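Asker: Just input31.cif, nothing more (mmCIF, C-alpha atoms and all ligand atoms):
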data_protein
#
loop_
_atom_site.group_PDB
_atom_site.id
_atom_site.type_symbol
_atom_site.label_atom_id
_atom_site.label_comp_id
_atom_site.auth_asym_id
_atom_site.auth_seq_id
_atom_site.Cartn_x
_atom_site.Cartn_y
_atom_site.Cartn_z
ATOM 1 C CA MET P 262 -101.487 -100.119 22.497
ATOM 2 C CA GLU P 263 -99.282 -97.282 23.729
ATOM 3 C CA LEU P 264 -100.561 -93.971 25.065
ATOM 4 C CA THR P 265 -101.460 -91.470 22.355
ATOM 5 C CA PRO P 266 -102.571 -87.836 22.684
ATOM 6 C CA ALA P 267 -106.125 -88.882 21.758
ATOM 7 C CA ILE P 268 -106.169 -91.617 24.407
ATOM 8 C CA VAL P 269 -104.892 -89.282 27.118
ATOM 9 C CA LYS P 270 -107.442 -86.642 26.176
ATOM 10 C CA GLU P 271 -110.230 -89.219 26.379
ATOM 11 C CA PHE P 272 -108.762 -90.668 29.598
ATOM 12 C CA ALA P 273 -108.945 -87.221 31.223
ATOM 13 C CA ARG P 274 -112.518 -86.793 30.038
ATOM 14 C CA GLN P 275 -113.620 -90.159 31.422
ATOM 15 C CA MET P 276 -111.814 -89.705 34.755
ATOM 16 C CA SER P 277 -113.442 -86.308 35.110
ATOM 17 C CA GLU P 278 -116.834 -87.766 34.241
ATOM 18 C CA HIS P 279 -116.459 -90.739 36.600
ATOM 19 C CA PHE P 280 -115.465 -88.584 39.574
ATOM 20 C CA ASP P 281 -117.655 -85.650 38.598
ATOM 21 C CA THR P 282 -114.798 -83.157 38.458
ATOM 22 C CA THR P 283 -114.045 -80.137 36.316
ATOM 23 C CA ILE P 284 -110.727 -79.624 34.626
ATOM 24 C CA MET P 285 -110.174 -75.898 34.799
ATOM 25 C CA ASP P 286 -108.452 -73.433 32.583
ATOM 26 C CA LYS P 287 -105.559 -71.893 34.484
ATOM 27 C CA GLU P 288 -106.007 -68.660 32.606
ATOM 28 C CA ASP P 289 -109.323 -68.030 34.337
ATOM 29 C CA ALA P 290 -108.828 -64.771 36.259
ATOM 30 C CA ILE P 291 -111.181 -65.350 39.198
ATOM 31 C CA GLU P 292 -109.921 -68.837 39.728
ATOM 32 C CA MET P 293 -106.404 -67.478 39.673
ATOM 33 C CA THR P 294 -107.194 -65.159 42.561
ATOM 34 C CA VAL P 295 -108.498 -68.049 44.630
ATOM 35 C CA LEU P 296 -105.419 -70.013 43.726
ATOM 36 C CA SER P 297 -103.078 -67.276 44.824
ATOM 37 C CA TYR P 298 -104.599 -67.390 48.316
ATOM 38 C CA ALA P 299 -103.872 -71.099 48.451
ATOM 39 C CA LEU P 300 -100.327 -70.491 47.319
ATOM 40 C CA ASP P 301 -99.806 -67.854 49.996
ATOM 41 C CA PHE P 302 -101.100 -70.272 52.579
ATOM 42 C CA MET P 303 -98.645 -72.900 51.492
ATOM 43 C CA LYS P 304 -95.908 -70.260 51.455
ATOM 44 C CA ILE P 305 -95.168 -71.029 47.870
ATOM 45 C CA THR P 306 -93.681 -67.801 46.663
ATOM 46 C CA ASP P 307 -92.532 -68.650 43.184
ATOM 47 C CA ARG P 308 -95.910 -68.409 41.570
ATOM 48 C CA ASP P 309 -94.642 -68.754 37.998
ATOM 49 C CA LYS P 310 -92.888 -71.968 38.854
ATOM 50 C CA PHE P 311 -96.020 -73.228 40.507
ATOM 51 C CA MET P 312 -98.314 -72.262 37.656
ATOM 52 C CA ASN P 313 -96.077 -73.875 35.092
ATOM 53 C CA HIS P 314 -95.183 -77.079 36.848
ATOM 54 C CA GLN P 315 -97.695 -78.078 39.456
ATOM 55 C CA ALA P 316 -101.213 -79.336 39.471
ATOM 56 C CA LEU P 317 -103.741 -78.460 42.115
ATOM 57 C CA SER P 318 -107.212 -79.456 43.175
ATOM 58 C CA MET P 319 -109.692 -77.127 44.810
ATOM 59 C CA GLY P 320 -112.590 -79.287 45.832
ATOM 60 C CA THR P 321 -113.661 -80.913 42.592
ATOM 61 C CA ARG P 322 -111.946 -78.386 40.340
ATOM 62 C CA LEU P 323 -108.628 -79.491 38.936
ATOM 63 C CA TYR P 324 -105.825 -77.364 37.546
ATOM 64 C CA PHE P 325 -103.076 -78.852 35.422
ATOM 65 C CA PRO P 326 -99.963 -77.221 34.020
ATOM 66 C CA PHE P 327 -100.828 -78.786 30.665
ATOM 67 C CA THR P 328 -103.825 -79.596 28.504
ATOM 68 C CA PRO P 329 -104.468 -83.330 28.795
ATOM 69 C CA GLY P 330 -103.340 -85.086 25.635
ATOM 70 C CA GLU P 331 -101.361 -82.123 24.356
ATOM 71 C CA LEU P 332 -97.729 -83.023 23.866
ATOM 72 C CA SER P 333 -95.342 -80.922 25.909
ATOM 73 C CA PRO P 334 -91.559 -81.088 26.160
ATOM 74 C CA ASP P 335 -91.454 -81.500 29.942
ATOM 75 C CA ARG P 336 -94.516 -83.665 30.549
ATOM 76 C CA SER P 337 -94.834 -87.070 28.906
ATOM 77 C CA LEU P 338 -98.250 -88.552 28.198
ATOM 78 C CA LEU P 339 -97.584 -91.102 30.930
ATOM 79 C CA ALA P 340 -96.731 -88.325 33.390
ATOM 80 C CA GLN P 341 -100.006 -86.613 32.449
ATOM 81 C CA VAL P 342 -102.005 -89.774 33.121
ATOM 82 C CA ALA P 343 -100.248 -90.216 36.478
ATOM 83 C CA LEU P 344 -100.886 -86.605 37.490
ATOM 84 C CA ILE P 345 -104.538 -86.693 36.442
ATOM 85 C CA THR P 346 -104.967 -89.806 38.582
ATOM 86 C CA HIS P 347 -103.063 -88.184 41.460
ATOM 87 C CA GLU P 348 -105.317 -85.126 41.525
ATOM 88 C CA HIS P 349 -108.403 -87.318 41.593
ATOM 89 C CA VAL P 350 -107.064 -88.901 44.789
ATOM 90 C CA HIS P 351 -107.246 -85.423 46.326
ATOM 91 C CA VAL P 352 -110.827 -85.068 45.115
ATOM 92 C CA CYS P 353 -111.724 -88.276 46.978
ATOM 93 C CA GLN P 354 -109.891 -87.006 50.076
ATOM 94 C CA HIS P 355 -111.813 -83.749 49.854
ATOM 95 C CA ARG P 356 -115.120 -85.589 49.478
ATOM 96 C CA SER P 357 -114.467 -87.905 52.419
ATOM 97 C CA ASN P 358 -113.896 -84.957 54.728
ATOM 98 C CA PRO P 359 -115.050 -81.708 53.105
ATOM 99 C CA GLY P 360 -113.963 -78.519 54.808
ATOM 100 C CA VAL P 361 -111.519 -80.248 57.115
ATOM 101 C CA TYR P 362 -109.438 -81.628 54.268
ATOM 102 C CA ASP P 363 -109.249 -78.324 52.442
ATOM 103 C CA ILE P 364 -108.132 -76.302 55.434
ATOM 104 C CA MET P 365 -105.858 -78.917 56.949
ATOM 105 C CA TYR P 366 -104.180 -79.650 53.642
ATOM 106 C CA LEU P 367 -103.131 -76.046 53.294
ATOM 107 C CA ALA P 368 -102.421 -75.318 56.950
ATOM 108 C CA ASP P 369 -100.681 -78.422 58.249
ATOM 109 C CA SER P 370 -97.436 -79.876 56.941
ATOM 110 C CA ALA P 371 -97.924 -83.359 58.455
ATOM 111 C CA TYR P 372 -101.475 -83.597 57.134
ATOM 112 C CA ARG P 373 -100.318 -82.510 53.680
ATOM 113 C CA ALA P 374 -97.517 -85.075 53.708
ATOM 114 C CA ASN P 375 -99.966 -87.810 54.683
ATOM 115 C CA LYS P 376 -102.424 -86.920 51.919
ATOM 116 C CA GLU P 377 -99.638 -86.612 49.366
ATOM 117 C CA ALA P 378 -98.368 -90.099 50.218
ATOM 118 C CA LYS P 379 -101.703 -91.454 48.985
ATOM 119 C CA GLY P 380 -101.597 -89.066 46.025
ATOM 120 C CA TYR P 381 -98.143 -90.151 44.932
ATOM 121 C CA SER P 382 -99.001 -93.794 45.461
ATOM 122 C CA ALA P 383 -101.356 -93.274 42.513
ATOM 123 C CA ASN P 384 -98.446 -92.026 40.362
ATOM 124 C CA ILE P 385 -96.438 -95.081 41.349
ATOM 125 C CA GLU P 386 -99.364 -97.419 40.716
ATOM 126 C CA ILE P 387 -99.830 -95.992 37.202
ATOM 127 C CA TYR P 388 -96.112 -96.132 36.401
ATOM 128 C CA LEU P 389 -95.817 -99.708 37.646
ATOM 129 C CA TRP P 390 -98.865 -100.747 35.669
ATOM 130 C CA MET P 391 -97.638 -99.111 32.464
ATOM 131 C CA THR P 392 -93.887 -99.699 32.653
ATOM 132 C CA GLY P 393 -93.113 -102.068 35.528
ATOM 133 C CA GLN P 394 -90.986 -99.311 37.038
ATOM 134 C CA HIS P 395 -91.445 -96.199 39.121
ATOM 135 C CA HIS P 396 -89.447 -93.149 40.121
ATOM 136 C CA ALA P 397 -87.435 -93.424 43.333
ATOM 137 C CA ILE P 398 -89.448 -92.727 46.490
ATOM 138 C CA GLU P 399 -86.762 -90.187 47.473
ATOM 139 C CA SER P 400 -87.453 -88.156 44.337
ATOM 140 C CA TYR P 401 -91.055 -87.699 45.480
ATOM 141 C CA GLY P 402 -89.783 -86.754 48.929
ATOM 142 C CA LYS P 403 -87.650 -84.086 47.290
ATOM 143 C CA ILE P 404 -90.667 -82.712 45.405
ATOM 144 C CA LEU P 405 -92.547 -82.507 48.692
ATOM 145 C CA ALA P 406 -89.740 -80.687 50.450
ATOM 146 C CA ASP P 407 -89.065 -78.313 47.539
ATOM 147 C CA SER P 408 -92.518 -77.489 46.254
ATOM 148 C CA TYR P 409 -95.067 -78.265 48.956
ATOM 149 C CA HIS P 410 -93.439 -76.592 51.930
ATOM 150 C CA VAL P 411 -93.430 -79.830 53.915
ATOM 151 C CA ASP P 412 -91.173 -79.999 57.003
ATOM 152 C CA SER P 413 -88.226 -82.361 56.872
ATOM 153 C CA GLN P 414 -89.555 -84.729 59.567
ATOM 154 C CA ASP P 415 -92.850 -84.970 57.678
ATOM 155 C CA VAL P 416 -90.953 -85.784 54.485
ATOM 156 C CA VAL P 417 -89.409 -88.758 56.314
ATOM 157 C CA VAL P 418 -92.864 -90.020 57.340
ATOM 158 C CA PHE P 419 -94.126 -89.385 53.803
ATOM 159 C CA GLN P 420 -91.358 -91.492 52.289
ATOM 160 C CA LYS P 421 -91.939 -94.326 54.761
ATOM 161 C CA THR P 422 -95.685 -94.290 54.086
ATOM 162 C CA LEU P 423 -95.165 -94.205 50.328
ATOM 163 C CA GLU P 424 -92.718 -97.097 50.620
ATOM 164 C CA LEU P 425 -95.336 -99.210 52.434
ATOM 165 C CA LEU P 426 -98.049 -98.294 49.929
ATOM 166 C CA THR P 427 -95.701 -99.172 47.051
ATOM 167 C CA HIS P 428 -95.060 -102.530 48.661
ATOM 168 C CA SER P 429 -98.810 -103.217 48.692
ATOM 169 C CA ILE P 430 -99.116 -102.099 45.052
ATOM 170 C CA LYS P 431 -96.310 -104.461 44.051
ATOM 171 C CA LEU P 432 -98.224 -107.258 45.760
ATOM 172 C CA GLY P 433 -101.167 -106.463 43.482
ATOM 173 C CA ALA P 434 -103.229 -104.097 45.614
ATOM 174 C CA SER P 435 -104.895 -100.983 44.270
ATOM 175 C CA VAL P 436 -104.249 -98.436 46.997
ATOM 176 C CA THR P 437 -106.615 -95.713 45.801
ATOM 177 C CA LYS P 438 -109.914 -95.730 43.976
ATOM 178 C CA PRO P 439 -108.716 -93.296 41.271
ATOM 179 C CA ALA P 440 -105.782 -95.598 40.431
ATOM 180 C CA ARG P 441 -108.155 -98.533 40.149
ATOM 181 C CA VAL P 442 -110.589 -96.572 37.964
ATOM 182 C CA ALA P 443 -107.721 -95.146 35.871
ATOM 183 C CA LYS P 444 -106.427 -98.605 35.032
ATOM 184 C CA ARG P 445 -109.920 -99.745 34.082
ATOM 185 C CA ILE P 446 -110.417 -96.732 31.787
ATOM 186 C CA LEU P 447 -106.997 -97.190 30.181
ATOM 187 C CA ARG P 448 -107.725 -100.845 29.539
ATOM 188 C CA ARG P 449 -111.056 -99.953 27.946
ATOM 189 C CA LEU P 450 -109.267 -97.423 25.738
ATOM 190 C CA GLY P 451 -107.051 -100.241 24.512
ATOM 191 C CA VAL P 452 -103.893 -99.437 26.467
ATOM 192 C CA THR P 453 -101.767 -102.482 27.143
ATOM 193 C CA PRO P 454 -100.234 -102.663 30.607
ATOM 194 C CA HIS P 455 -96.647 -103.714 31.218
ATOM 195 C CA GLY P 456 -96.292 -107.453 30.742
ATOM 196 C CA GLY P 457 -99.614 -107.808 28.940
HETATM 197 ZN ZN ZN P 501 -100.940 -83.955 45.471
#
Could the structure of this file be written out as structure tokens, please?
Ligand SMILES: [Zn+2]

Answerer:
Amino acid sequence: MELTPAIVKEFARQMSEHFDTTIMDKEDAIEMTVLSYALDFMKITDRDKFMNHQALSMGTRLYFPFTPGELSPDRSLLAQVALITHEHVHVCQHRSNPGVYDIMYLADSAYRANKEAKGYSANIEIYLWMTGQHHAIESYGKILADSYHVDSQDVVVFQKTLELLTHSIKLGASVTKPARVAKRILRRLGVTPHGG
């Protein structure tokens, strides 16, 4: 079975339940204030662009630029599944090192690049599982440089790390727990992976 809005909605619910996260409403005013601090920290100045196109995790609270399962012109259902999985990688990173992760992620370009390599490996793992293909590693590097305020030398390390992780995924490894759980949930919801 292919992805449907109902499946993606239920996928988001089950991921959130499994990892004990909350998918937030971006319209929430207090949350927005907290978010704007984070954006300032990351020196992301185009707040509208950020609010409309990027996802973010704050601890176990997740913000998406879409409602899971709702069709949108610039975000396919597959892209939604990948991004939901990606943000849950950050939740696991936060949980494994609370406090340190949250500050370092915002304050340090190299740290952010390292954590995003794992995050984007989840996107690649989902895309490979569903379609047998993934976006070019360089395109993720460009996202990092453009939207995450990551220094150019850190982007190089990011791309190299993501390349190695992708190699492992192609050999059959699950690189992150959220990717592994995501595939299990999708299977249970009747989604057929690429090649059966
Ligand atoms: Zn990320």

Asker: Assuming the chain letters and numbering stay as they are in my file, what does the PyMOL selection byres (((chain P and resi 345) around 10) and not hetatm) actually select? List them as JSON, numbers by chain.

Answerer: {"P": [269, 272, 273, 276, 277, 284, 316, 323, 324, 325, 329, 339, 340, 341, 342, 343, 344, 346, 347, 348, 349, 350, 383, 384, 439, 440, 443]}

Asker: Write the selection just made, keeping C-alpha atoms, as a PDB file, in the coordinates of the input?

Answerer:
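Below is the file part-v4.pdb, written as the result:
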ATOM      1  CA  VAL P 269    -104.892 -89.282  27.118  1.00  0.00           C
ATOM      2  CA  PHE P 272    -108.762 -90.668  29.598  1.00  0.00           C
ATOM      3  CA  ALA P 273    -108.945 -87.221  31.223  1.00  0.00           C
ATOM      4  CA  MET P 276    -111.814 -89.705  34.755  1.00  0.00           C
ATOM      5  CA  SER P 277    -113.442 -86.308  35.110  1.00  0.00           C
ATOM      6  CA  ILE P 284    -110.727 -79.624  34.626  1.00  0.00           C
ATOM      7  CA  ALA P 316    -101.213 -79.336  39.471  1.00  0.00           C
ATOM      8  CA  LEU P 323    -108.628 -79.491  38.936  1.00  0.00           C
ATOM      9  CA  TYR P 324    -105.825 -77.364  37.546  1.00  0.00           C
ATOM     10  CA  PHE P 325    -103.076 -78.852  35.422  1.00  0.00           C
ATOM     11  CA  PRO P 329    -104.468 -83.330  28.795  1.00  0.00           C
ATOM     12  CA  LEU P 339     -97.584 -91.102  30.930  1.00  0.00           C
ATOM     13  CA  ALA P 340     -96.731 -88.325  33.390  1.00  0.00           C
ATOM     14  CA  GLN P 341    -100.006 -86.613  32.449  1.00  0.00           C
ATOM     15  CA  VAL P 342    -102.005 -89.774  33.121  1.00  0.00           C
ATOM     16  CA  ALA P 343    -100.248 -90.216  36.478  1.00  0.00           C
ATOM     17  CA  LEU P 344    -100.886 -86.605  37.490  1.00  0.00           C
ATOM     18  CA  THR P 346    -104.967 -89.806  38.582  1.00  0.00           C
ATOM     19  CA  HIS P 347    -103.063 -88.184  41.460  1.00  0.00           C
ATOM     20  CA  GLU P 348    -105.317 -85.126  41.525  1.00  0.00           C
ATOM     21  CA  HIS P 349    -108.403 -87.318  41.593  1.00  0.00           C
ATOM     22  CA  VAL P 350    -107.064 -88.901  44.789  1.00  0.00           C
ATOM     23  CA  ALA P 383    -101.356 -93.274  42.513  1.00  0.00           C
ATOM     24  CA  ASN P 384     -98.446 -92.026  40.362  1.00  0.00           C
ATOM     25  CA  PRO P 439    -108.716 -93.296  41.271  1.00  0.00           C
ATOM     26  CA  ALA P 440    -105.782 -95.598  40.431  1.00  0.00           C
ATOM     27  CA  ALA P 443    -107.721 -95.146  35.871  1.00  0.00           C
TER      28      ALA P 443
END

Asker: Please identify all polymer residues within 9 Å of P:Glu271, counting all atoms listed in the file, omitting same-chain residues fewer than 3 positions from it, and present them as a compact mmCIF listing (two decimals) with C-alpha atoms, keeping the file's coordinate frame.

Answerer:
# COMPACT_ATOMS: atom_id res chain seq x y z
CA PRO P 266 -102.57 -87.84 22.68
CA ALA P 267 -106.12 -88.88 21.76
CA ILE P 268 -106.17 -91.62 24.41
CA ARG P 274 -112.52 -86.79 30.04
CA GLN P 275 -113.62 -90.16 31.42
CA MET P 276 -111.81 -89.70 34.76
CA PRO P 329 -104.47 -83.33 28.80
CA GLY P 330 -103.34 -85.09 25.64
CA LEU P 450 -109.27 -97.42 25.74

Asker: By how many Å are atom CA of P:Gly457 and atom CA of P:His396 apart?

Answerer: 21.1 Å

Asker: For P:Arg373, which residue among P:Lys403, P:Asn358, P:Asp412, P:Gln394 is the nearest when counting all atoms listed in the file?

Answerer: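 Residue with the minimum atom-to-atom distance to P:Arg373: P:Asp412.
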
Asker: Would you translate the PyMOL selection byres (((chain P and resi 424) around 12) and not hetatm) into the concrete set of residues it matches in this file, as a VMD selection string?

Answerer: chain P and resid 378 to 379 381 to 382 385 to 386 395 to 399 401 to 402 417 to 423 425 to 431

Asker: Work out how far atom CA of P:Asp407 is from atom CA of P:Val361, in Å to one decimal.

Answerer: 24.5 Å

Asker: Between P:Ile364, P:Leu300, P:Val452, P:Leu317, single out the one closest to ligand ZN 501 (chain P), counting all atoms listed in the file.

Answerer: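 Looking at the shortest contact to ligand ZN 501 (chain P), the residue is P:Leu317.
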